[in-house]
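**Q** query-v9.txt is the file, holding compact mmCIF, C-alpha atoms:
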# COMPACT_ATOMS: atom_id res chain seq x y z
CA MET A 21 12.01 44.51 14.16
CA ASP A 22 12.33 41.95 11.34
CA LYS A 23 10.76 38.61 12.00
CA GLU A 24 13.13 35.66 12.06
CA LYS A 25 12.86 33.70 8.84
CA VAL A 26 11.58 30.12 9.28
CA LYS A 27 13.62 27.58 7.35
CA PRO A 28 11.27 25.54 5.10
CA GLN A 29 12.03 21.83 5.51
CA VAL A 30 10.26 18.47 5.55
CA VAL A 31 10.65 16.04 8.44
CA LYS A 32 13.23 13.41 7.49
CA GLY A 33 11.59 10.26 6.16
CA MET A 34 8.47 12.16 4.98
CA HIS A 35 7.70 13.79 1.65
CA ASP A 36 5.77 16.49 -0.17
CA ARG A 37 3.99 15.03 -3.19
CA MET A 38 3.66 17.29 -6.24
CA PRO A 39 0.71 17.09 -8.69
CA GLU A 40 2.36 14.90 -11.35
CA GLU A 41 3.47 12.36 -8.74
CA MET A 42 0.07 12.49 -7.05
CA LYS A 43 -1.74 11.73 -10.31
CA ARG A 44 0.40 8.63 -10.81
CA ARG A 45 -0.12 7.53 -7.20
CA GLU A 46 -3.88 7.99 -7.55
CA LYS A 47 -3.85 5.93 -10.75
CA VAL A 48 -2.04 3.03 -9.04
CA ILE A 49 -4.30 3.24 -5.98
CA GLY A 50 -7.30 3.20 -8.31
CA ILE A 51 -6.06 -0.03 -9.92
CA ILE A 52 -5.47 -1.62 -6.50
CA LYS A 53 -8.93 -0.57 -5.27
CA GLU A 54 -10.55 -2.00 -8.39
CA VAL A 55 -8.92 -5.40 -7.78
CA PHE A 56 -9.87 -5.35 -4.09
CA GLU A 57 -13.49 -4.51 -4.79
CA ARG A 58 -13.75 -6.95 -7.69
CA HIS A 59 -12.95 -9.67 -5.15
CA GLY A 60 -15.69 -8.59 -2.77
CA PHE A 61 -13.73 -6.44 -0.29
CA LEU A 62 -15.18 -3.24 1.17
CA PRO A 63 -13.29 -0.15 2.38
CA ILE A 64 -12.90 1.17 5.92
CA GLU A 65 -10.86 3.98 7.44
CA THR A 66 -9.56 4.34 10.99
CA PRO A 67 -8.10 7.33 12.86
CA ALA A 68 -4.43 8.21 12.54
CA ILE A 69 -4.23 8.39 16.34
CA GLU A 70 -4.97 5.50 18.68
CA TYR A 71 -4.64 5.20 22.44
CA LEU A 72 -1.26 3.78 23.32
CA GLU A 73 -2.89 0.89 25.18
CA VAL A 74 -4.45 -0.18 21.87
CA LEU A 75 -1.21 0.21 19.92
CA SER A 76 0.94 -1.60 22.48
CA GLY A 77 -1.55 -4.49 22.66
CA LYS A 78 -0.14 -6.16 25.76
CA ASN A 79 3.22 -6.64 24.01
CA LYS A 80 1.64 -8.65 21.18
CA TYR A 81 3.34 -6.75 18.37
CA GLY A 82 7.04 -7.32 19.03
CA GLU A 83 9.75 -4.96 17.81
CA GLU A 84 7.33 -2.73 15.85
CA GLU A 85 6.06 -1.35 19.14
CA LYS A 86 9.40 0.42 19.65
CA LEU A 87 8.77 2.46 16.48
CA ILE A 88 5.47 4.02 17.61
CA TYR A 89 5.30 7.82 17.58
CA ARG A 90 4.07 8.44 21.12
CA PHE A 91 2.65 11.55 22.80
CA LYS A 92 0.13 12.69 25.39
CA ASP A 93 -3.13 14.37 24.40
CA ARG A 94 -4.46 17.49 26.14
CA LYS A 95 -5.99 15.37 28.88
CA GLY A 96 -2.66 13.71 29.55
CA ARG A 97 -3.70 10.38 28.02
CA ASP A 98 -1.03 8.29 26.28
CA ALA A 99 -1.61 8.06 22.53
CA GLY A 100 0.32 7.38 19.34
CA LEU A 101 0.21 7.33 15.56
CA ARG A 102 -0.85 4.01 14.04
CA PHE A 103 2.08 1.95 12.70
CA ASP A 104 -0.03 -0.52 10.71
CA PHE A 105 -3.71 -1.39 10.03
CA THR A 106 -3.87 -4.81 11.63
CA VAL A 107 -4.01 -3.40 15.14
CA PRO A 108 -6.76 -0.83 14.36
CA LEU A 109 -8.69 -3.54 12.48
CA SER A 110 -8.60 -5.74 15.57
CA ARG A 111 -9.97 -2.86 17.65
CA VAL A 112 -12.72 -2.20 15.07
CA ILE A 113 -13.82 -5.85 15.14
CA ALA A 114 -13.94 -5.80 18.94
CA MET A 115 -16.02 -2.60 18.94
CA HIS A 116 -18.49 -3.66 16.21
CA PRO A 117 -20.02 -7.06 17.04
CA GLU A 118 -22.80 -6.31 14.54
CA LEU A 119 -20.43 -6.88 11.60
CA THR A 120 -21.35 -9.82 9.38
CA MET A 121 -18.71 -12.54 9.32
CA PRO A 122 -16.65 -13.33 7.38
CA PHE A 123 -15.79 -9.63 7.21
CA LYS A 124 -13.73 -8.75 4.14
CA ARG A 125 -12.26 -5.27 4.25
CA TYR A 126 -9.54 -3.22 2.62
CA GLN A 127 -7.83 -0.07 3.89
CA ILE A 128 -5.52 2.37 2.09
CA GLN A 129 -4.14 5.15 4.29
CA PRO A 130 -0.82 6.42 5.65
CA VAL A 131 0.94 4.94 8.67
CA TRP A 132 3.90 6.21 10.70
CA ARG A 133 6.98 4.53 12.17
CA GLY A 134 9.91 6.14 13.95
CA ASP A 135 12.36 4.12 11.89
CA ALA A 136 15.74 5.10 10.40
CA PRO A 137 14.93 6.35 6.85
CA GLN A 138 16.73 4.56 4.02
CA TYR A 139 16.10 3.34 0.48
CA GLY A 140 12.54 2.02 0.41
CA ARG A 141 11.96 2.72 4.11
CA PHE A 142 10.21 5.86 5.33
CA ARG A 143 8.69 7.31 8.48
CA GLU A 144 5.39 8.17 6.80
CA PHE A 145 4.12 5.85 4.10
CA HIS A 146 0.95 4.41 2.63
CA GLN A 147 -0.13 0.81 3.06
CA CYS A 148 -2.79 -1.11 1.16
CA ASP A 149 -4.32 -3.87 3.33
CA VAL A 150 -6.82 -6.64 2.64
CA ASP A 151 -8.05 -8.86 5.47
CA ILE A 152 -10.64 -11.56 6.03
CA VAL A 153 -11.92 -11.83 9.60
CA GLY A 154 -13.97 -14.80 10.81
CA ALA A 155 -12.77 -17.50 8.40
CA GLN A 156 -10.68 -20.43 9.60
CA SER A 157 -10.31 -22.22 6.25
CA MET A 158 -7.16 -22.04 4.12
CA LEU A 159 -9.50 -20.75 1.42
CA ALA A 160 -9.20 -17.35 3.13
CA GLU A 161 -5.40 -17.43 2.72
CA ALA A 162 -5.84 -18.49 -0.90
CA GLU A 163 -8.25 -15.60 -1.54
CA VAL A 164 -5.87 -13.05 -0.01
CA LEU A 165 -2.90 -14.37 -2.00
CA ASN A 166 -4.93 -14.57 -5.21
CA ILE A 167 -5.89 -10.89 -4.79
CA THR A 168 -2.23 -10.00 -4.24
CA TYR A 169 -1.26 -11.94 -7.35
CA GLU A 170 -3.94 -10.11 -9.35
CA VAL A 171 -2.73 -6.71 -8.12
CA PHE A 172 0.86 -7.35 -9.17
CA LYS A 173 -0.18 -8.88 -12.48
CA THR A 174 -2.57 -6.01 -13.29
CA LEU A 175 0.16 -3.44 -12.55
CA GLY A 176 2.44 -5.18 -15.07
CA PHE A 177 4.88 -7.03 -12.82
CA LYS A 178 6.30 -10.10 -14.58
CA GLU A 179 9.06 -11.35 -12.26
CA PHE A 180 7.75 -11.48 -8.72
CA LYS A 181 7.62 -14.28 -6.20
CA ILE A 182 5.12 -15.05 -3.43
CA LYS A 183 7.09 -16.73 -0.63
CA ILE A 184 5.02 -18.81 1.79
CA ASN A 185 5.72 -20.47 5.13
CA ASN A 186 3.79 -21.35 8.30
CA ARG A 187 4.53 -20.33 11.88
CA LYS A 188 3.27 -23.77 12.95
CA ILE A 189 6.04 -25.36 10.91
CA LEU A 190 8.60 -23.07 12.51
CA GLN A 191 7.26 -23.91 15.96
CA SER A 192 7.58 -27.62 15.18
CA LEU A 193 11.14 -27.15 13.91
CA CYS A 194 12.08 -25.16 17.01
CA LYS A 195 10.66 -27.91 19.22
CA TYR A 196 12.42 -30.61 17.20
CA SER A 197 15.71 -28.70 17.49
CA GLY A 198 15.36 -28.29 21.24
CA ILE A 199 14.68 -24.52 21.29
CA SER A 200 12.51 -23.62 24.26
CA PRO A 201 9.30 -21.60 23.64
CA GLU A 202 10.63 -18.41 25.28
CA PHE A 203 13.24 -18.12 22.49
CA GLU A 204 10.82 -18.65 19.60
CA PHE A 205 10.12 -15.02 18.75
CA ALA A 206 13.82 -14.18 18.95
CA VAL A 207 14.41 -17.00 16.47
CA TYR A 208 11.76 -15.62 14.10
CA ARG A 209 13.16 -12.11 14.24
CA ALA A 210 16.66 -13.40 13.52
CA MET A 211 15.43 -15.57 10.65
CA ASP A 212 13.55 -12.60 9.22
CA LYS A 213 16.94 -10.92 8.59
CA GLN A 214 18.55 -13.96 6.93
CA GLU A 215 18.48 -12.50 3.43
CA ARG A 216 20.43 -9.43 4.62
CA ILE A 217 22.82 -10.97 7.15
CA GLY A 218 23.18 -14.55 5.93
CA VAL A 219 23.03 -17.80 7.88
CA ASP A 220 26.13 -16.91 9.92
CA GLY A 221 24.53 -13.61 10.88
CA VAL A 222 21.38 -15.43 12.04
CA ALA A 223 23.54 -17.78 14.12
CA GLU A 224 25.27 -14.80 15.76
CA LYS A 225 21.94 -13.17 16.62
CA LEU A 226 20.62 -16.41 18.12
CA GLU A 227 23.76 -16.74 20.22
CA LEU A 228 23.34 -13.15 21.44
CA ASN A 229 19.78 -14.03 22.45
CA GLY A 230 20.98 -16.95 24.54
CA VAL A 231 20.33 -19.86 22.18
CA PRO A 232 23.18 -22.43 22.55
CA GLN A 233 25.20 -22.99 19.37
CA ASN A 234 24.56 -26.74 19.22
CA ILE A 235 20.78 -26.15 19.33
CA SER A 236 20.70 -23.21 16.90
CA GLY A 237 23.02 -25.16 14.59
CA LYS A 238 20.54 -28.04 14.46
CA LEU A 239 17.72 -25.66 13.48
CA LEU A 240 19.78 -23.80 10.88
CA ASN A 241 20.93 -27.06 9.29
CA LEU A 242 17.31 -28.17 9.00
CA LEU A 243 16.35 -24.89 7.34
CA GLU A 244 19.25 -25.26 4.91
CA ASP A 245 18.46 -28.90 4.05
CA CYS A 246 14.64 -28.89 3.90
CA LYS A 247 13.81 -27.07 0.69
CA THR A 248 10.32 -28.49 0.16
CA LEU A 249 7.29 -29.57 2.16
CA LYS A 250 8.12 -33.19 1.28
CA ASP A 251 11.58 -32.74 2.82
CA LEU A 252 9.98 -31.42 5.99
CA GLU A 253 7.55 -34.34 6.20
CA GLN A 254 10.55 -36.60 6.75
CA VAL A 255 11.49 -34.55 9.82
CA ILE A 256 8.13 -33.54 11.28
CA PRO A 257 5.54 -35.98 9.85
CA ASN A 258 1.81 -35.24 10.19
CA ASP A 259 2.57 -31.61 11.03
CA GLU A 260 -0.52 -29.37 10.95
CA GLY A 261 1.41 -26.52 9.33
CA ILE A 262 2.54 -28.73 6.45
CA GLN A 263 -1.01 -29.96 5.93
CA GLU A 264 -2.31 -26.36 5.83
CA LEU A 265 0.23 -25.29 3.22
CA THR A 266 -0.42 -28.36 1.10
CA LEU A 267 -4.11 -27.43 1.01
CA LEU A 268 -3.31 -23.75 0.42
CA PHE A 269 -1.12 -24.62 -2.57
CA ASP A 270 -3.96 -26.73 -4.02
CA TYR A 271 -6.35 -23.78 -3.68
CA LEU A 272 -3.87 -21.43 -5.38
CA LYS A 273 -3.72 -23.83 -8.31
CA ASP A 274 -7.53 -23.79 -8.44
CA PHE A 275 -7.38 -19.98 -8.61
CA ASN A 276 -4.98 -20.43 -11.54
CA VAL A 277 -2.18 -18.56 -9.80
CA ASN A 278 0.97 -19.16 -11.87
CA ARG A 279 2.82 -22.01 -10.10
CA LYS A 280 6.17 -20.46 -10.98
CA LEU A 281 5.29 -17.35 -8.96
CA PHE A 282 4.64 -18.90 -5.52
CA SER A 283 6.76 -21.25 -3.46
CA PHE A 284 7.46 -22.61 0.00
CA ASP A 285 10.33 -20.76 1.74
CA PRO A 286 11.53 -22.40 4.99
CA TRP A 287 13.44 -19.24 5.97
CA LEU A 288 10.43 -16.94 5.84
CA ALA A 289 9.50 -15.95 9.41
CA ARG A 290 8.01 -12.40 9.42
CA GLY A 291 9.11 -10.22 12.32
CA LEU A 292 5.78 -9.50 13.99
CA ASP A 293 4.90 -11.66 16.97
CA TYR A 294 1.16 -11.98 16.36
CA TYR A 295 1.21 -14.43 13.43
CA THR A 296 -0.27 -17.85 14.24
CA GLY A 297 -0.35 -19.76 10.93
CA PRO A 298 0.58 -19.27 7.26
CA ILE A 299 2.79 -16.26 6.53
CA PHE A 300 3.76 -14.79 3.18
CA GLU A 301 5.80 -12.11 1.43
CA VAL A 302 6.04 -10.82 -2.13
CA VAL A 303 9.47 -9.95 -3.51
CA VAL A 304 10.84 -8.86 -6.87
CA SER A 305 14.23 -9.76 -8.33
CA ARG A 306 14.87 -6.08 -8.97
CA PRO A 307 15.08 -3.52 -7.57
CA LYS A 308 16.69 -4.91 -4.41
CA ILE A 309 14.29 -3.22 -2.04
CA GLY A 310 12.99 -5.90 0.32
CA SER A 311 9.48 -7.27 0.33
CA LEU A 312 6.73 -5.35 -1.48
CA ALA A 313 3.95 -7.12 0.42
CA GLY A 314 3.65 -9.31 3.47
CA GLY A 315 1.14 -10.78 5.88
CA GLY A 316 -0.30 -13.90 7.37
CA ARG A 317 -2.82 -15.40 9.79
CA PHE A 318 -3.32 -13.71 13.17
CA ASP A 319 -6.02 -15.70 14.97
CA ASP A 320 -5.17 -14.47 18.47
CA LEU A 321 -4.67 -10.74 17.94
CA ILE A 322 -8.34 -9.71 18.11
CA GLY A 323 -8.56 -11.69 21.34
CA VAL A 324 -6.40 -8.97 22.94
CA PHE A 325 -9.58 -6.85 22.92
CA LEU A 326 -12.08 -9.67 23.53
CA GLU A 327 -12.33 -12.76 25.68
CA LYS A 328 -12.38 -15.05 22.67
CA SER A 329 -10.19 -15.80 19.68
CA ILE A 330 -11.42 -14.74 16.24
CA PRO A 331 -9.68 -16.12 13.12
CA ALA A 332 -8.22 -13.55 10.76
CA VAL A 333 -5.80 -13.41 7.83
CA GLY A 334 -4.54 -10.56 5.68
CA ILE A 335 -1.75 -8.99 3.69
CA THR A 336 -0.22 -5.53 3.44
CA ILE A 337 1.02 -4.12 0.14
CA GLY A 338 3.76 -1.58 0.80
CA PHE A 339 2.67 1.19 -1.51
CA GLU A 340 5.85 3.30 -1.43
CA ARG A 341 8.09 0.35 -2.28
CA MET A 342 5.68 -0.67 -5.01
CA MET A 343 5.90 2.82 -6.53
CA ILE A 344 9.72 2.67 -6.47
CA ALA A 345 9.62 -0.73 -8.18
CA LEU A 346 7.12 0.46 -10.80
CA LYS A 347 9.37 3.41 -11.63
CA GLU A 348 12.59 1.39 -11.83
CA LEU A 349 10.95 -1.30 -13.96
CA ASP A 350 9.41 1.34 -16.26
CA LEU A 351 5.89 0.19 -15.35
CA MET A 352 4.70 3.50 -13.93
CA PRO A 353 1.40 4.73 -15.40
CA LYS A 354 1.95 7.58 -17.84
CA TYR A 355 1.14 11.04 -16.56
CA LYS A 356 -1.98 12.40 -18.20
CA PRO A 357 -2.95 15.93 -17.16
CA SER A 358 -6.51 15.97 -15.91
CA ILE A 359 -7.24 19.58 -16.95
CA ARG A 360 -8.47 19.62 -20.55
CA VAL A 361 -9.29 23.30 -21.07
CA LEU A 362 -8.05 26.67 -19.83
CA VAL A 363 -10.53 29.53 -20.20
CA ALA A 364 -8.39 32.64 -20.57
CA GLN A 365 -9.22 36.20 -19.49
CA PHE A 366 -9.31 38.64 -22.43
CA ASP A 367 -9.94 41.58 -20.09
CA GLU A 368 -12.05 42.48 -17.06
CA ALA A 369 -14.94 43.65 -19.20
CA HIS A 370 -15.45 40.13 -20.56
CA THR A 371 -14.94 38.14 -17.36
CA SER A 372 -18.63 37.21 -17.13
CA ALA A 373 -18.47 35.60 -20.58
CA SER A 374 -15.34 33.64 -19.58
CA ILE A 375 -17.00 32.43 -16.37
CA SER A 376 -20.10 31.38 -18.33
CA VAL A 377 -18.01 29.26 -20.74
CA ALA A 378 -16.00 27.68 -17.91
CA LYS A 379 -19.18 26.80 -16.01
CA LYS A 380 -20.77 25.25 -19.10
CA LEU A 381 -17.71 23.06 -19.74
CA ARG A 382 -17.55 21.97 -16.10
CA ASP A 383 -21.27 21.15 -16.12
CA LEU A 384 -20.59 18.96 -19.17
CA GLY A 385 -17.95 17.06 -17.19
CA VAL A 386 -14.87 18.60 -18.82
CA PRO A 387 -12.08 19.38 -16.29
CA THR A 388 -11.67 23.11 -16.85
CA ASP A 389 -9.33 25.71 -15.37
CA ILE A 390 -10.08 29.42 -15.50
CA TYR A 391 -7.28 31.95 -15.35
CA THR A 392 -7.77 34.07 -12.25
CA ASP A 393 -5.75 37.15 -13.09
CA PHE A 394 -5.73 39.79 -15.82
CA VAL A 395 -2.48 39.53 -17.78
CA LYS A 396 -1.45 39.33 -21.41
CA LEU A 397 -2.84 36.36 -23.35
CA SER A 398 0.72 35.27 -24.19
CA LYS A 399 1.40 34.72 -20.48
CA GLN A 400 -1.82 32.70 -20.15
CA PHE A 401 -0.79 30.53 -23.11
CA LYS A 402 2.59 29.90 -21.43
CA TYR A 403 0.71 28.89 -18.27
CA ALA A 404 -1.32 26.35 -20.30
CA ASP A 405 1.90 24.97 -21.82
CA LYS A 406 3.54 24.50 -18.43
CA GLN A 407 0.43 22.82 -17.05
CA LYS A 408 0.19 20.63 -20.19
CA ILE A 409 -3.39 21.83 -20.81
CA PRO A 410 -4.24 20.88 -24.41
CA TYR A 411 -6.84 23.61 -25.20
CA VAL A 412 -7.24 27.32 -24.40
CA ILE A 413 -10.52 29.15 -24.98
CA VAL A 414 -10.58 32.91 -25.42
CA VAL A 415 -13.76 34.96 -25.14
CA GLY A 416 -13.15 38.56 -26.23
CA PRO A 417 -15.36 41.32 -27.68
CA ASP A 418 -15.43 39.82 -31.18
CA GLU A 419 -16.44 36.40 -29.80
CA VAL A 420 -19.15 37.81 -27.53
CA SER A 421 -20.73 39.85 -30.33
CA ALA A 422 -20.75 36.79 -32.63
CA ASN A 423 -21.84 34.36 -29.86
CA LYS A 424 -18.68 32.33 -30.46
CA VAL A 425 -15.45 31.30 -28.74
CA THR A 426 -11.89 30.98 -30.04
CA ILE A 427 -10.30 27.61 -29.30
CA LYS A 428 -6.51 27.22 -29.49
CA ASN A 429 -5.01 23.74 -29.72
CA MET A 430 -1.80 24.02 -27.70
CA ARG A 431 -0.25 20.94 -29.33
CA THR A 432 -0.70 21.97 -32.97
CA ARG A 433 -0.83 25.74 -32.28
CA SER A 434 -3.84 25.94 -34.59
CA GLN A 435 -6.99 27.80 -33.60
CA GLN A 436 -10.61 27.97 -34.67
CA LYS A 437 -13.71 29.98 -33.97
CA MET A 438 -16.73 27.95 -32.84
CA GLY A 439 -20.34 28.88 -32.23
CA MET A 440 -21.60 28.45 -28.68
CA ASP A 441 -24.26 26.07 -30.01
CA LYS A 442 -21.50 23.63 -31.09
CA LEU A 443 -19.49 23.82 -27.85
CA THR A 444 -21.38 20.92 -26.27
CA THR A 445 -20.54 18.53 -29.12
CA TRP A 446 -16.88 19.62 -29.07
CA ALA A 447 -16.69 19.20 -25.29
CA GLN A 448 -17.93 15.60 -25.49
CA LYS A 449 -15.16 14.77 -27.96
CA ILE A 450 -12.25 16.16 -25.92
CA LYS A 451 -13.25 14.88 -22.45
For this file, write the structure as structure tokens.
**A**
Amino acid sequence: MDKEKVKPQVVKGMHDRMPEEMKRREKVIGIIKEVFERHGFLPIETPAIEYLEVLSGKNKYGEEEKLIYRFKDRKGRDAGLRFDFTVPLSRVIAMHPELTMPFKRYQIQPVWRGDAPQYGRFREFHQCDVDIVGAQSMLAEAEVLNITYEVFKTLGFKEFKIKINNRKILQSLCKYSGISPEFEFAVYRAMDKQERIGVDGVAEKLELNGVPQNISGKLLNLLEDCKTLKDLEQVIPNDEGIQELTLLFDYLKDFNVNRKLFSFDPWLARGLDYYTGPIFEVVVSRPKIGSLAGGGRFDDLIGVFLEKSIPAVGITIGFERMMIALKELDLMPKYKPSIRVLVAQFDEAHTSASISVAKKLRDLGVPTDIYTDFVKLSKQFKYADKQKIPYVIVVGPDEVSANKVTIKNMRTRSQQKMGMDKLTTWAQKIK
């Protein structure tokens, strides 16, 4: 009986990545890693799967918790796929008291969220995180934002904006407006959608969450009127959040971060519940894709796993959105095939000679492919063309007897015979 054919398909919101795309992704990741490490950050990795108790974090994470891919392991224990790196980082810090503080780490891996896929939003995607744990000073925020600025600048972005706010300021404004503490996180989540739904949409969401119109109206009017930190000082003088941002802005100037590319944004709230201080996002004017990076201070999150609070601040660069932006802005690194040489198969009788040449080139550090079937040379040349391999080496009976190889340049279609004694010099030139 015929077996039923399985339909090949990819889970919605996830992707196969073909070689040309992967080479570009690896190039961008390499640039990001270089910036991270140049600023003194070291890499870590954490498992894709965490126990659900870790991921849920005693309801510290807000709406993101609803997006966790959940399941039971073979022992019946509740587990899930990580949805960000901040939660696993907090667990790592709690489990490794021997770490030297401040601990500066970066992490680049995939995460998963059971979200509705749309433009710039996926169910499986890579994030690039940098965090500093154990530093209370605003210098830590400045370092994280300076790194982010350097990443975007190095990748060629010209028109991007780092938006900055402080949860302490928002708490003060909520208190001033008469919003009780139990509504604060609902306020932040509504504010976080302001750019998409407008001020009226925020007002509607606050009303649905039980915030009286006269109170929400007072808050929204403040947010509309107070465009700068100086404006806010007239409303909430001597506020700790304002003082922190004033110092942070001074540090960013010291780092020589372009003043035109960072600014105070009173509407910035960030949807996650665990932020305790400065918060920030990076946006571009085009494409209209939402924030490309975001983060903030989360001094209380690690305390979920310990009996004490440990200061921490970090930012996440959304890699998939960044790749979309790089492509649309024509900033994507050019694709350069890594394979430099194809060693062809003249026939089975001369396979040993072909293998010997391929091994020599590989030992010299030249990325070399060897054709693994016995077909006409014309078909092997077509293979090299499709793979964009610039050189093909043929070792047949004439070459073996003369201790030479034939090298074909696939761009110019010219070819030359070369003695084996000169192959090393040639290989160094074409690497």
**Q** Which is closer to Ala223 of chain A than all the others in A:Arg97, A:Arg306, A:Lys238, A:Lys86, using only C-alpha atoms?
**A**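 For Ala223 of chain A, the nearest of the given residues is A:Lys238.
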**Q** Would you please work out which residue, of A:Leu272, A:Cys194, A:Met352, A:Val30, is nearest to Glu163 of chain A when using only C-alpha atoms?
**A**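 Result for the nearest residue to Glu163 of chain A: A:Leu272.
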**Q** Which of these residues is nearest to Gln129 of chain A, using all atoms listed in the file: A:Ile64, A:Leu243, A:Val171, A:Met158?
**A**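 Checking each candidate against Gln129 of chain A, we get A:Ile64 as the closest.
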**Q** Which of these residues is nearest to Pro286 of chain A, using only C-alpha atoms: A:Gly33, A:Gly261, A:Gly314, A:Gly323?
**A** A:Gly261
**Q** Using all atoms listed in the file, which of the listed residues (A:Lys25, A:Ala373, A:Glu46, A:Phe205) sits closest to Ser421 of chain A?
**A**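 The answer is A:Ala373, which sits nearest to Ser421 of chain A.
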**Q** Write out as a list in words which residues come within 7 Å of Phe300 of chain A when counting only C-alpha atoms, dropping same-chain ones fewer than 3 positions away.
**A**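 Using only C-alpha atoms, the neighbours found are Ile182, Lys183, Ile184, Asn185, Gly314, Gly315 and Gly316 of chain A.
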**Q** So the first atom is atom CA of Asp418 of chain A and the second is atom CA of Thr392 of chain A; what is the distance between them in Å, to one decimal place?
**A**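 Rounded to one decimal, the two atoms are 21.2 Å apart.
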**Q** Under the rule that only C-alpha atoms are counted, which of A:Lys280, A:Asp98, A:Phe105, A:Ala114 is the nearest residue to Leu326 of chain A?
**A**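 Among the listed residues, A:Ala114 lies closest to Leu326 of chain A.
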**Q** So which residues fall inside 7 Å of (3.6, -7.7, 3.5) if we count all atoms listed in the file? Mind giving them as a list in words?
**A**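 Looking at atoms near the point gives Glu301, Val302, Ser311, Leu312, Ala313, Gly314, Gly315, Ile335, Thr336, Ile337 and Gly338 of chain A.
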**Q** If we count only C-alpha atoms and set the cut-off at 12 Å, which residues sit around Leu193 of chain A, ignoring sequence neighbours fewer than 5 positions away in its own chain? Please answer as a ChimeraX atom specification.
**A** /A:186-188,198-201,204,207-208,235-236,238-243,246,252-257,259,261-262,286-287
**Q** I'd like the interatomic distance between atom CA of Phe142 of chain A and atom CA of Met34 of chain A, to a tenth of an Å.
**A** 6.5 Å
**Q** May I have the protein, DNA and RNA residues with any atom at most 6 Å from the point (8.2, -25.0, -3.0), counting only C-alpha atoms, written as a list in words?
**A**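 Residues close enough to count: Thr248, Ser283 and Phe284 of chain A.
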**Q** Quick one: everything within 10 Å of Ala447 of chain A, counting all atoms listed in the file, minus sequence neighbours fewer than 2 positions away in the same chain. Send it as a JSON list (two decimals) with C-alpha atoms, in the coordinates of the input.
**A**
[["chain", "number", "residue", "atom", "x", "y", "z"],
["A", 360, "ARG", "CA", -8.47, 19.62, -20.55],
["A", 361, "VAL", "CA", -9.29, 23.30, -21.07],
["A", 380, "LYS", "CA", -20.77, 25.25, -19.10],
["A", 381, "LEU", "CA", -17.71, 23.06, -19.74],
["A", 382, "ARG", "CA", -17.55, 21.97, -16.10],
["A", 384, "LEU", "CA", -20.59, 18.96, -19.17],
["A", 385, "GLY", "CA", -17.95, 17.06, -17.19],
["A", 386, "VAL", "CA", -14.87, 18.60, -18.82],
["A", 442, "LYS", "CA", -21.50, 23.63, -31.09],
["A", 443, "LEU", "CA", -19.49, 23.82, -27.85],
["A", 444, "THR", "CA", -21.38, 20.92, -26.27],
["A", 445, "THR", "CA", -20.54, 18.53, -29.12],
["A", 449, "LYS", "CA", -15.16, 14.77, -27.96],
["A", 450, "ILE", "CA", -12.25, 16.16, -25.92],
["A", 451, "LYS", "CA", -13.25, 14.88, -22.45]]
**Q** Would you work out the distance separating atom CA of Pro130 of chain A from atom CA of Ala332 of chain A, expressed in Å to one decimal?
**A**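 Computed distance, atom CA of Pro130 of chain A to atom CA of Ala332 of chain A, equals 21.9 Å.
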**Q** Give me, as a PyMOL selection string, all polymer residues having an atom no more than 8 Å from segment 400-416 of chain A, counting only C-alpha atoms and skipping those fewer than 6 positions away in the same chain.
**A** chain A and resi 357+359-367+370+373-374+391+424-431
**Q** Using all atoms listed in the file, which protein or nucleic acid residues come within 10 Å of Tyr139 of chain A? Drop anything in the same chain fewer than 6 positions from it, and give the result as a JSON list (two decimals) with C-alpha atoms, keeping the file's coordinate frame.
**A**
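That gives us result.json:
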[["chain", "number", "residue", "atom", "x", "y", "z"],
["A", 308, "LYS", "CA", 16.69, -4.91, -4.41],
["A", 309, "ILE", "CA", 14.29, -3.22, -2.04],
["A", 310, "GLY", "CA", 12.99, -5.90, 0.32],
["A", 341, "ARG", "CA", 8.09, 0.35, -2.28],
["A", 344, "ILE", "CA", 9.72, 2.67, -6.47]]
